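Student: My structure is in target_5.tsv, and what it holds is TSV, C-alpha atoms:
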```
chain	number	residue	atom	x	y	z
Y	1	MET	CA	-23.10	35.48	13.38
Y	2	SER	CA	-23.14	38.71	11.34
Y	3	ARG	CA	-23.60	41.89	13.27
Y	4	PRO	CA	-27.05	43.48	12.78
Y	5	LEU	CA	-27.20	46.58	10.59
Y	6	ILE	CA	-28.78	49.66	12.17
Y	7	THR	CA	-29.39	52.63	9.88
Y	8	VAL	CA	-29.83	56.09	11.36
Y	9	LEU	CA	-31.51	58.58	9.03
Y	10	GLY	CA	-30.82	62.20	9.92
Y	11	ALA	CA	-27.59	61.20	11.66
Y	12	SER	CA	-25.99	64.64	11.57
Y	13	GLY	CA	-28.88	66.35	13.34
Y	14	PHE	CA	-29.33	67.31	16.97
Y	15	ILE	CA	-30.95	64.07	18.15
Y	16	GLY	CA	-29.46	61.96	15.37
Y	17	SER	CA	-25.87	62.71	16.35
Y	18	ALA	CA	-26.66	61.78	19.96
Y	19	VAL	CA	-28.24	58.50	18.86
Y	20	VAL	CA	-25.19	57.68	16.72
Y	21	ALA	CA	-22.91	58.34	19.71
Y	22	ALA	CA	-24.99	55.99	21.88
Y	23	LEU	CA	-25.04	53.21	19.27
Y	24	ALA	CA	-21.34	53.51	18.53
Y	25	HIS	CA	-20.60	51.53	21.69
Y	26	ARG	CA	-22.64	48.51	20.58
Y	27	PRO	CA	-21.41	45.48	18.62
Y	28	VAL	CA	-23.39	46.39	15.50
Y	29	ARG	CA	-22.92	47.65	11.99
Y	30	LEU	CA	-23.99	51.26	12.06
Y	31	ARG	CA	-24.90	53.12	8.89
Y	32	THR	CA	-25.35	56.87	9.30
Y	33	VAL	CA	-27.19	58.78	6.59
Y	34	SER	CA	-27.54	62.55	6.37
Y	35	ARG	CA	-27.37	65.47	3.96
Y	36	ARG	CA	-24.11	66.69	5.48
Y	37	PRO	CA	-21.25	64.67	7.02
Y	38	ALA	CA	-22.13	63.32	10.43
Y	39	ALA	CA	-19.83	63.66	13.43
Y	40	MET	CA	-18.06	60.32	13.77
Y	41	PRO	CA	-17.04	59.09	17.22
Y	42	GLY	CA	-13.32	58.53	17.66
Y	43	SER	CA	-12.29	55.07	16.49
Y	44	GLY	CA	-10.63	54.24	19.79
Y	45	ARG	CA	-13.90	54.74	21.63
Y	46	THR	CA	-16.23	52.73	19.42
Y	47	THR	CA	-17.33	49.14	19.15
Y	48	ALA	CA	-19.60	49.43	16.14
Y	49	ASP	CA	-18.48	49.10	12.54
Y	50	ILE	CA	-19.52	52.50	11.18
Y	51	GLU	CA	-20.11	53.67	7.63
Y	52	HIS	CA	-21.46	57.06	6.62
Y	53	ARG	CA	-23.48	57.97	3.57
Y	54	THR	CA	-24.26	61.50	2.47
Y	55	ALA	CA	-27.56	61.82	0.64
Y	56	ASP	CA	-30.59	64.02	0.19
Y	57	LEU	CA	-33.21	61.42	1.05
Y	58	THR	CA	-36.01	63.46	-0.49
Y	59	ARG	CA	-34.61	62.64	-3.95
Y	60	PRO	CA	-36.25	59.62	-5.63
Y	61	GLY	CA	-34.59	56.28	-5.06
Y	62	LEU	CA	-31.99	57.37	-2.52
Y	63	LEU	CA	-33.89	56.28	0.55
Y	64	ALA	CA	-34.26	52.71	-0.73
Y	65	GLU	CA	-30.49	52.56	-1.16
Y	66	ALA	CA	-29.95	54.00	2.31
Y	67	VAL	CA	-32.04	51.39	4.14
Y	68	ALA	CA	-31.15	48.36	2.01
Y	69	GLY	CA	-30.27	45.35	4.15
Y	70	SER	CA	-31.11	47.07	7.43
Y	71	ASN	CA	-32.26	45.12	10.45
Y	72	ALA	CA	-33.39	48.37	12.04
Y	73	VAL	CA	-34.02	51.91	10.81
Y	74	ILE	CA	-34.23	54.96	13.06
Y	75	HIS	CA	-35.99	57.80	11.24
Y	76	LEU	CA	-34.82	61.14	12.67
Y	77	VAL	CA	-34.84	63.29	9.56
Y	78	ALA	CA	-36.23	66.74	10.37
Y	79	HIS	CA	-37.44	69.62	8.23
Y	80	ILE	CA	-35.87	72.89	9.43
Y	81	ASP	CA	-37.50	76.04	8.12
Y	82	GLY	CA	-35.92	79.44	8.73
Y	83	ALA	CA	-37.19	81.49	11.64
Y	84	GLY	CA	-39.61	78.74	12.61
Y	85	THR	CA	-36.72	76.39	13.45
Y	86	TRP	CA	-38.14	72.87	13.39
Y	87	ARG	CA	-41.48	73.94	11.96
Y	88	ALA	CA	-42.72	73.43	8.47
Y	89	ALA	CA	-44.17	76.67	7.15
Y	90	GLY	CA	-47.86	75.82	7.16
Y	91	ASP	CA	-48.53	73.00	4.74
Y	92	ALA	CA	-45.20	73.48	2.95
Y	93	PRO	CA	-44.50	70.55	0.59
Y	94	ALA	CA	-40.98	70.18	2.00
Y	95	GLY	CA	-42.32	69.57	5.50
Y	96	ALA	CA	-44.85	67.01	4.33
Y	97	ARG	CA	-42.19	65.29	2.21
Y	98	VAL	CA	-39.87	64.85	5.19
Y	99	ASN	CA	-42.36	64.20	7.98
Y	100	THR	CA	-44.70	61.89	6.06
Y	101	GLY	CA	-43.31	61.14	2.61
Y	102	LEU	CA	-40.06	59.61	3.82
Y	103	THR	CA	-42.02	57.23	6.04
Y	104	LEU	CA	-43.95	56.04	2.99
Y	105	ASP	CA	-40.64	55.57	1.19
Y	106	ILE	CA	-39.24	53.50	4.05
Y	107	VAL	CA	-42.30	51.23	3.99
Y	108	ASP	CA	-42.12	50.81	0.21
Y	109	ALA	CA	-38.40	50.04	0.31
Y	110	LEU	CA	-38.72	47.45	3.06
Y	111	ARG	CA	-41.77	45.90	1.42
Y	112	HIS	CA	-39.86	45.34	-1.83
Y	113	GLU	CA	-36.85	43.73	-0.16
Y	114	ARG	CA	-38.83	41.59	2.30
Y	115	THR	CA	-36.92	38.38	3.14
Y	116	ALA	CA	-37.34	35.48	5.55
Y	117	GLY	CA	-36.84	36.19	9.22
Y	118	PRO	CA	-38.17	38.85	11.56
Y	119	PRO	CA	-39.35	42.04	9.84
Y	120	PRO	CA	-36.98	44.97	10.29
Y	121	VAL	CA	-37.56	47.43	13.11
Y	122	VAL	CA	-38.45	51.04	12.28
Y	123	LEU	CA	-38.38	53.67	15.01
Y	124	PHE	CA	-39.85	57.08	14.21
Y	125	ALA	CA	-39.29	60.33	16.07
Y	126	SER	CA	-42.73	61.85	16.50
Y	127	THR	CA	-43.97	64.60	18.80
Y	128	ALA	CA	-45.79	64.46	22.12
Y	129	THR	CA	-48.39	66.85	20.69
Y	130	ALA	CA	-49.26	64.64	17.71
Y	131	ALA	CA	-52.70	64.05	19.24
Y	132	ALA	CA	-54.65	65.00	22.31
Y	133	GLU	CA	-54.42	62.75	25.37
Y	134	ASP	CA	-57.81	61.18	24.64
Y	135	GLU	CA	-56.70	60.52	21.02
Y	136	GLU	CA	-60.04	61.87	19.75
Y	137	GLU	CA	-59.01	65.42	18.86
Y	138	GLU	CA	-56.99	65.89	15.68
Y	139	PRO	CA	-53.80	67.98	15.95
Y	140	VAL	CA	-54.02	71.63	14.96
Y	141	THR	CA	-50.68	72.30	13.23
Y	142	ALA	CA	-49.39	70.98	9.91
Y	143	TYR	CA	-46.29	69.60	11.65
Y	144	GLU	CA	-48.40	67.58	14.09
Y	145	ARG	CA	-50.74	66.33	11.36
Y	146	GLN	CA	-47.77	65.15	9.30
Y	147	LYS	CA	-46.23	63.31	12.25
Y	148	LEU	CA	-49.55	61.64	13.05
Y	149	ALA	CA	-49.97	60.57	9.43
Y	150	ALA	CA	-46.50	58.99	9.51
Y	151	GLU	CA	-47.40	57.13	12.72
Y	152	ARG	CA	-50.47	55.68	11.04
Y	153	ILE	CA	-48.44	54.61	8.01
Y	154	LEU	CA	-46.06	52.69	10.27
Y	155	GLY	CA	-48.96	51.15	12.16
Y	156	GLU	CA	-50.53	49.83	8.97
Y	157	ALA	CA	-47.21	48.47	7.72
Y	158	THR	CA	-46.69	46.72	11.05
Y	159	ALA	CA	-50.14	45.13	10.82
Y	160	ASP	CA	-49.26	43.95	7.30
Y	161	GLY	CA	-46.05	42.29	8.54
Y	162	VAL	CA	-43.78	44.53	6.47
Y	163	LEU	CA	-41.91	45.88	9.49
Y	164	ARG	CA	-42.10	46.31	13.24
Y	165	GLY	CA	-42.73	50.02	13.67
Y	166	ALA	CA	-42.99	52.19	16.75
Y	167	ALA	CA	-43.29	55.94	17.14
Y	168	LEU	CA	-41.58	57.68	20.03
Y	169	ARG	CA	-43.62	60.79	20.78
Y	170	LEU	CA	-40.92	63.00	22.22
Y	171	SER	CA	-41.49	65.91	24.53
Y	172	THR	CA	-39.34	69.05	24.08
Y	173	VAL	CA	-35.76	67.82	23.68
Y	174	PHE	CA	-32.94	70.19	24.63
Y	175	GLY	CA	-29.23	70.26	25.37
Y	176	PRO	CA	-25.89	71.01	23.73
Y	177	GLY	CA	-25.33	69.77	20.19
Y	178	ARG	CA	-22.40	67.47	19.53
Y	179	THR	CA	-21.18	69.78	16.74
Y	180	PRO	CA	-22.07	73.35	15.70
Y	181	ALA	CA	-24.03	71.91	12.76
Y	182	ALA	CA	-26.01	69.71	15.16
Y	183	ALA	CA	-26.88	72.54	17.54
Y	184	ASP	CA	-30.25	72.52	19.26
Y	185	ARG	CA	-32.57	75.02	17.60
Y	186	GLY	CA	-35.28	74.72	20.22
Y	187	ILE	CA	-36.54	77.25	22.73
Y	188	VAL	CA	-34.23	76.31	25.61
Y	189	SER	CA	-30.98	76.78	23.71
Y	190	ALA	CA	-32.34	79.83	21.87
Y	191	MET	CA	-33.10	81.61	25.14
Y	192	ALA	CA	-29.83	80.49	26.72
Y	193	ALA	CA	-27.97	81.94	23.73
Y	194	ARG	CA	-29.79	85.24	24.18
Y	195	ALA	CA	-28.78	85.34	27.83
Y	196	VAL	CA	-25.15	84.58	26.98
Y	197	SER	CA	-25.16	87.50	24.53
Y	198	GLY	CA	-26.59	89.78	27.23
Y	199	ALA	CA	-29.99	90.11	25.55
Y	200	PRO	CA	-33.22	89.73	27.55
Y	201	ILE	CA	-34.96	86.36	27.53
Y	202	THR	CA	-38.34	86.74	25.86
Y	203	MET	CA	-41.50	84.68	26.04
Y	204	TRP	CA	-44.74	84.83	24.10
Y	205	HIS	CA	-46.99	84.42	27.15
Y	206	ASP	CA	-47.05	85.08	30.89
Y	207	GLY	CA	-44.66	82.22	31.69
Y	208	THR	CA	-47.25	79.80	33.03
Y	209	VAL	CA	-47.29	77.64	29.89
Y	210	ARG	CA	-45.67	74.37	30.89
Y	211	ARG	CA	-43.32	72.07	29.00
Y	212	ASP	CA	-41.89	68.64	29.63
Y	213	LEU	CA	-38.17	69.11	28.90
Y	214	LEU	CA	-36.10	66.04	28.05
Y	215	TYR	CA	-32.30	66.16	27.92
Y	216	VAL	CA	-30.90	65.05	24.56
Y	217	GLN	CA	-28.79	62.23	25.99
Y	218	ASP	CA	-31.89	60.77	27.64
Y	219	ALA	CA	-33.76	61.05	24.36
Y	220	ALA	CA	-30.99	59.16	22.55
Y	221	GLU	CA	-31.03	56.42	25.17
Y	222	ALA	CA	-34.79	56.11	24.71
Y	223	PHE	CA	-34.15	55.07	21.11
Y	224	THR	CA	-31.53	52.51	22.09
Y	225	ALA	CA	-33.93	51.11	24.71
Y	226	ALA	CA	-36.65	50.95	22.06
Y	227	LEU	CA	-34.33	48.91	19.82
Y	228	ASP	CA	-33.82	46.43	22.65
Y	229	HIS	CA	-37.58	46.04	23.18
Y	230	ALA	CA	-38.86	46.44	19.64
Y	231	GLY	CA	-41.17	43.46	19.84
Y	232	ALA	CA	-43.03	44.87	22.82
Y	233	LEU	CA	-43.31	48.34	21.27
Y	234	ALA	CA	-44.27	47.43	17.71
Y	235	GLY	CA	-47.48	48.79	16.28
Y	236	ARG	CA	-47.98	51.60	18.79
Y	237	HIS	CA	-46.89	55.09	19.71
Y	238	TRP	CA	-45.16	55.79	23.01
Y	239	LEU	CA	-44.84	59.02	24.94
Y	240	VAL	CA	-41.27	59.78	25.95
Y	241	GLY	CA	-40.36	62.65	28.27
Y	242	SER	CA	-39.00	63.55	31.66
Y	243	GLY	CA	-42.38	63.05	33.32
Y	244	ARG	CA	-42.24	66.55	34.77
Y	245	SER	CA	-44.04	69.60	33.36
Y	246	THR	CA	-42.38	72.91	34.28
Y	247	PRO	CA	-43.60	76.49	33.68
Y	248	LEU	CA	-41.44	78.14	31.03
Y	249	GLY	CA	-41.11	81.28	33.11
Y	250	GLU	CA	-39.37	79.21	35.78
Y	251	VAL	CA	-37.16	77.57	33.15
Y	252	PHE	CA	-36.12	80.90	31.69
Y	253	ARG	CA	-35.29	82.41	35.09
Y	254	THR	CA	-33.18	79.35	35.86
Y	255	ILE	CA	-31.33	79.84	32.57
Y	256	ALA	CA	-30.71	83.52	33.32
Y	257	ALA	CA	-29.29	82.64	36.74
Y	258	ALA	CA	-27.11	79.87	35.30
Y	259	VAL	CA	-25.65	82.18	32.66
Y	260	ALA	CA	-24.97	84.84	35.29
Y	261	ASP	CA	-23.18	82.28	37.43
Y	262	ARG	CA	-20.98	81.32	34.48
Y	263	THR	CA	-20.20	84.80	33.20
Y	264	GLY	CA	-20.23	86.88	36.38
Y	265	ALA	CA	-22.67	89.35	34.80
Y	266	PRO	CA	-26.06	90.18	36.34
Y	267	PRO	CA	-28.93	87.89	35.27
Y	268	VAL	CA	-30.65	89.15	32.13
Y	269	PRO	CA	-34.33	90.09	32.50
Y	270	VAL	CA	-37.13	87.76	31.45
Y	271	HIS	CA	-40.16	89.48	29.95
Y	272	ARG	CA	-43.14	89.00	27.69
Y	273	VAL	CA	-43.23	90.02	24.02
Y	274	GLU	CA	-45.76	89.75	21.22
Y	275	PRO	CA	-45.63	86.34	19.49
Y	276	PRO	CA	-44.21	86.18	15.94
Y	277	ALA	CA	-46.32	85.45	12.89
Y	278	TYR	CA	-45.25	81.80	12.77
Y	279	ALA	CA	-46.44	81.07	16.34
Y	280	SER	CA	-49.16	78.44	16.49
Y	281	ALA	CA	-51.75	77.27	18.99
Y	282	ALA	CA	-49.29	74.59	20.11
Y	283	ASP	CA	-46.97	77.28	21.50
Y	284	PHE	CA	-49.57	78.30	24.07
Y	285	ARG	CA	-50.65	74.82	25.11
Y	286	SER	CA	-49.14	73.23	28.19
Y	287	VAL	CA	-47.74	69.75	27.65
Y	288	ARG	CA	-47.77	66.93	30.18
Y	289	VAL	CA	-46.13	63.66	29.14
Y	290	ASP	CA	-46.92	60.37	30.85
Y	291	CYS	CA	-43.97	58.16	29.94
Y	292	ALA	CA	-44.84	55.44	32.49
Y	293	PRO	CA	-45.98	52.93	29.80
Y	294	PHE	CA	-42.70	53.35	27.86
Y	295	ARG	CA	-40.68	53.02	31.05
Y	296	ALA	CA	-42.56	49.86	32.00
Y	297	ALA	CA	-42.08	48.32	28.55
Y	298	THR	CA	-38.38	49.11	28.20
Y	299	GLY	CA	-36.89	49.83	31.63
Y	300	TRP	CA	-35.73	53.21	30.33
Y	301	ALA	CA	-35.79	56.22	32.62
Y	302	PRO	CA	-34.48	59.77	32.18
Y	303	ARG	CA	-31.25	60.22	34.13
Y	304	VAL	CA	-30.42	63.93	33.75
Y	305	PRO	CA	-32.50	66.25	35.97
Y	306	LEU	CA	-33.74	69.48	34.45
Y	307	HIS	CA	-31.43	71.72	36.49
Y	308	GLU	CA	-28.40	69.67	35.47
Y	309	GLY	CA	-29.42	69.63	31.81
Y	310	LEU	CA	-29.86	73.40	31.83
Y	311	LYS	CA	-26.47	73.81	33.49
Y	312	ARG	CA	-24.79	71.64	30.84
Y	313	THR	CA	-26.52	73.58	28.07
Y	314	VAL	CA	-25.38	76.91	29.47
Y	315	THR	CA	-21.84	75.62	30.02
Y	316	ALA	CA	-21.60	74.55	26.39
Y	317	LEU	CA	-22.89	77.89	25.15
Y	318	THR	CA	-20.75	80.10	27.37
Y	319	GLY	CA	-17.52	78.45	26.20
Y	320	ALA	CA	-14.61	80.80	26.69
Y	321	HIS	CA	-16.96	83.29	28.35
Y	322	GLY	CA	-17.25	81.07	31.40
Y	323	LYS	CA	-15.51	82.74	34.29
Y	324	ASP	CA	-14.13	79.46	35.64
Y	325	LEU	CA	-12.61	78.23	32.39
Y	326	ALA	CA	-8.84	78.20	31.99
```
In structure tokens, write the structure found in this file.

Tutor:
Amino acid sequence: MSRPLITVLGASGFIGSAVVAALAHRPVRLRTVSRRPAAMPGSGRTTADIEHRTADLTRPGLLAEAVAGSNAVIHLVAHIDGAGTWRAAGDAPAGARVNTGLTLDIVDALRHERTAGPPPVVLFASTATAAAEDEEEEPVTAYERQKLAAERILGEATADGVLRGAALRLSTVFGPGRTPAAADRGIVSAMAARAVSGAPITMWHDGTVRRDLLYVQDAAEAFTAALDHAGALAGRHWLVGSGRSTPLGEVFRTIAAAVADRTGAPPVPVHRVEPPAYASAADFRSVRVDCAPFRAATGWAPRVPLHEGLKRTVTALTGAHGKDLA
């Protein structure tokens, strides 16, 4: 029997490169697609047959070529915008094109090549803040609105039998990137990098705003678990996180202490500053993620505790600055 073809879109990114590494140990055909070359696992450590394609998927026609023949597609393409890191600048067309438009393109491509057999699986990386917990309040940022629109597109396509789609609403994912190009551009790594450089850790509030922080390896394994249970997940969104909401002030002080332990320097201070112009209401909203339904449906569970994930992140960033490194 032919090995199934799994296509990872956004394979060179922070989460994408971790998903590729996890899938490389499976007996599958793995197609990685990204704008820049993806980090390829060493051939001696892989089971999958891997091919890489470099493409700007926002250009007409290229996405259909990228997903052709796929049994499963994992959509991890992200729009990165300057100082706002993962954020689209307001209603910037580029953000809407990536967060919503590519999902429409995936649906159209799979609709046109529909064949006999089970519809292909499509997993979409959404955000835990895409909608309020009661699902009645619309999201407030453009990024969240675009993710929610993409979720609805996948839901309609699933109902039409075009594909089996599921959205994984991820909490804040953090950790070391597998390559410099795939570095985490989120708040945890940004503040850890400041501490490594000796600069104070800054926050835009009093430190009581809470986040559910999910280590990148656990996030990647959530996608592989979702592939294994696609039938049970299809047609819905699923919250995925650590299940623990921690005040950011506590997180930042832990980072400062971890950097000090690695470098031998005193812990950098943690203090409040005025928020930048691109800050949104979402930055001041605490996030609690109930991932129990996803865990029950897939058997997945986060394995890396927060303190260990922070330690690994700091270790990767300190590099030769670590006092215990040879």

Student: Would you please work out which residue, of Y:Thr202, Y:Leu233, Y:Val216, Y:Pro27, is nearest to Arg253 (chain Y) when using only C-alpha atoms?

Tutor: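 Closest candidate: Y:Thr202.
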
Student: Skip Arg114 (chain Y) itself and residues of its chain fewer than 4 positions away, then list as a list in words all residues within 8 Å of it, counting only C-alpha atoms.

Tutor: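 After dropping sequence-adjacent residues, the list is Leu110, Pro119 and Val162 of chain Y.
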
Student: My list of candidates is Y:Pro200, Y:Gly207, Y:Pro176, Y:Pro118. Which is closest to Gly161 (chain Y) when distances are computed with all atoms listed in the file?

Tutor: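 Comparing Y:Pro200, Y:Gly207, Y:Pro176, Y:Pro118 against Gly161 (chain Y), the winner is Y:Pro118.
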
Student: Find the residues near Ile74 (chain Y): any atom within 6 Å, counting only C-alpha atoms, skip ones fewer than 4 places away on the same chain, and give them as a list in words.

Tutor: Val8, Val122 and Leu123 of chain Y

Student: Within 12 Å of Ala190 (chain Y), counting only C-alpha atoms, which residues qualify if same-chain residues fewer than 2 places away don't, as a ChimeraX atom specification?

Tutor: /Y:83-85,174-176,183-188,192-197,199-203,252,255,313-314,317

Student: Any chance you could export the current selection's C-alpha atoms as a PDB file, in the frame of the given file?

Tutor:
```pdb
ATOM      1  CA  ALA Y  83     -37.190  81.490  11.640  1.00  0.00           C
ATOM      2  CA  GLY Y  84     -39.610  78.740  12.610  1.00  0.00           C
ATOM      3  CA  THR Y  85     -36.720  76.390  13.450  1.00  0.00           C
ATOM      4  CA  PHE Y 174     -32.940  70.190  24.630  1.00  0.00           C
ATOM      5  CA  GLY Y 175     -29.230  70.260  25.370  1.00  0.00           C
ATOM      6  CA  PRO Y 176     -25.890  71.010  23.730  1.00  0.00           C
ATOM      7  CA  ALA Y 183     -26.880  72.540  17.540  1.00  0.00           C
ATOM      8  CA  ASP Y 184     -30.250  72.520  19.260  1.00  0.00           C
ATOM      9  CA  ARG Y 185     -32.570  75.020  17.600  1.00  0.00           C
ATOM     10  CA  GLY Y 186     -35.280  74.720  20.220  1.00  0.00           C
ATOM     11  CA  ILE Y 187     -36.540  77.250  22.730  1.00  0.00           C
ATOM     12  CA  VAL Y 188     -34.230  76.310  25.610  1.00  0.00           C
ATOM     13  CA  ALA Y 192     -29.830  80.490  26.720  1.00  0.00           C
ATOM     14  CA  ALA Y 193     -27.970  81.940  23.730  1.00  0.00           C
ATOM     15  CA  ARG Y 194     -29.790  85.240  24.180  1.00  0.00           C
ATOM     16  CA  ALA Y 195     -28.780  85.340  27.830  1.00  0.00           C
ATOM     17  CA  VAL Y 196     -25.150  84.580  26.980  1.00  0.00           C
ATOM     18  CA  SER Y 197     -25.160  87.500  24.530  1.00  0.00           C
ATOM     19  CA  ALA Y 199     -29.990  90.110  25.550  1.00  0.00           C
ATOM     20  CA  PRO Y 200     -33.220  89.730  27.550  1.00  0.00           C
ATOM     21  CA  ILE Y 201     -34.960  86.360  27.530  1.00  0.00           C
ATOM     22  CA  THR Y 202     -38.340  86.740  25.860  1.00  0.00           C
ATOM     23  CA  MET Y 203     -41.500  84.680  26.040  1.00  0.00           C
ATOM     24  CA  PHE Y 252     -36.120  80.900  31.690  1.00  0.00           C
ATOM     25  CA  ILE Y 255     -31.330  79.840  32.570  1.00  0.00           C
ATOM     26  CA  THR Y 313     -26.520  73.580  28.070  1.00  0.00           C
ATOM     27  CA  VAL Y 314     -25.380  76.910  29.470  1.00  0.00           C
ATOM     28  CA  LEU Y 317     -22.890  77.890  25.150  1.00  0.00           C
TER      29      LEU Y 317
END
```
